[in-house]
Each structure stands twice: as structure tokens, then as C-alpha cells.
Amino acid sequence: MRPLLPPDYRPTEKESFMNSMQLEYFRQKLERWREELLMESNETIQHLQEDSPQEPDIADRASLETDRALELRTRDRERKLITKIDEALERIENKSYGFCEETNEPISLRRLEARPIATLSIEAQERHERMEKTHRDG
């Protein structure tokens with residue numbers, strides 16, 4: 001059974017890390033975010049399926065195509081984001097949410113609040129970015 005969250009609840013450092021209230025808080029946050037993305041995606045699909053009148057002007061047509069391409073790229077990013085949200089929700093279910101995949105240390109609440117799909121602590125993320133930069137530049 002899931003705990004009932006007070007409307008003004010915010011996770012704090014004073015509580016035990018990833019207690020049932022915190023897990024429920026992040027579960028709800030992730031589910032709301034997922035719903036918003038799905039609604040936007042459905043709107044895009046409807047928009048793209050609408051018959052757009054053929055623009056006689058080549059510049060107007062090019063502008064329309066550019067807008068559609070941008071919209072599709074945005075939706076593709078959102079689709080990938082939904083996958084990450086689903087993975088985060090799965091981690092909540094198996095109680096591994098909020099812990100760094102590399103070090104198993106808790107990820108800070110501030111980081112999870114800002115990026116609830118985070119899988120690495122700030123330190124591990126920075127290490128990853130340094131490694132990527134070294135491989136790219138090398």
C-alpha cells in the first residue's frame with residue numbers, strides 16, 4: 001500500500017533516505033512528468049496527421065518542413081525521456097531508486113528534485129563526463 005502524501009510534502013535530509021514517503025513523492029513526480037510528455041506527444045501526432053494545405057510559396061513550404069522536422073526531433077527526445085522515466089519508476093518499485101548505479105551511494109535529494117531520472121551521483125556523472133571528453137578529444 002502506498003503512503004498518502006500531504007499536499008505540501010517535500011523530501012528532506014532529516015528523513016531516512018528513500019523512505020516510503022520519498023519513494024512515493026518521486027513516483028508521483030515521475031508519473032506526472034510522463035503524463036505531460038504523453039499528452040504533448042499525442043498533440044503532435046494529431047497536428048502532423050492534420051491535412052496541411054499545400055503551400056504554393058516555396059519559402060512557406062520550406063518553413064513548414066523545418067517546423068515539422070524540429071517537432072519530430074523534439075518528440076524523439078521526449079520518447080527517449082519517457083523510456084528513462086519508465087526505468088526510474090522501475091527502480092522505485094525495486095527500491096534501488098535514488099542510489100548511484102556506480103557507487104551505490106545516495107544521489108542527493110537536490111539532484112533528484114532537479115533531475116528525477118538521474119542514475120548517477122554528481123561525482124560519478126562528472127567522472128563520466130571527464131572520461132567522455134578524454135575519449136572525444138583523444
# chains A, B, ... in the order shown; residues from 1 in each chain; ligands from 1

call {"tool": "select_by_dssp", "arguments": {"residues": "chain A", "states": "alpha helix (DSSP H)", "output": "ChimeraX atom specification"}}
result
/A:20-49,58-93,109-114,122-137

call {"tool": "residues_around", "arguments": {"residues": "Leu109 in chain A", "least_positions_apart": "6", "cutoff": "10 Å", "atoms": "only C-alpha atoms", "output": "mmCIF file with C-alpha atoms, in the first residue's frame"}}
result
data_model
loop_
_atom_site.group_PDB
_atom_site.id
_atom_site.type_symbol
_atom_site.label_atom_id
_atom_site.label_comp_id
_atom_site.auth_asym_id
_atom_site.auth_seq_id
_atom_site.Cartn_x
_atom_site.Cartn_y
_atom_site.Cartn_z
ATOM 1 C CA ARG A 10 8.914 17.772 0.135
ATOM 2 C CA PRO A 11 11.711 15.273 0.852
ATOM 3 C CA THR A 12 14.286 16.498 3.380
ATOM 4 C CA GLU A 13 17.728 15.389 4.506
ATOM 5 C CA PHE A 17 16.900 8.314 2.628
ATOM 6 C CA MET A 18 14.349 6.872 0.190
ATOM 7 C CA GLN A 22 10.202 9.888 -0.553
ATOM 8 C CA GLY A 98 17.965 7.287 -5.617
ATOM 9 C CA ARG A 115 16.556 15.557 -12.471
ATOM 10 C CA PRO A 116 14.357 12.744 -11.129
#

call {"tool": "closest_residue", "arguments": {"among": "A:Glu102, A:Glu87, A:Arg75, A:Asp60", "to": "Arg127 in chain A", "atoms": "only C-alpha atoms"}}
result
A:Glu102
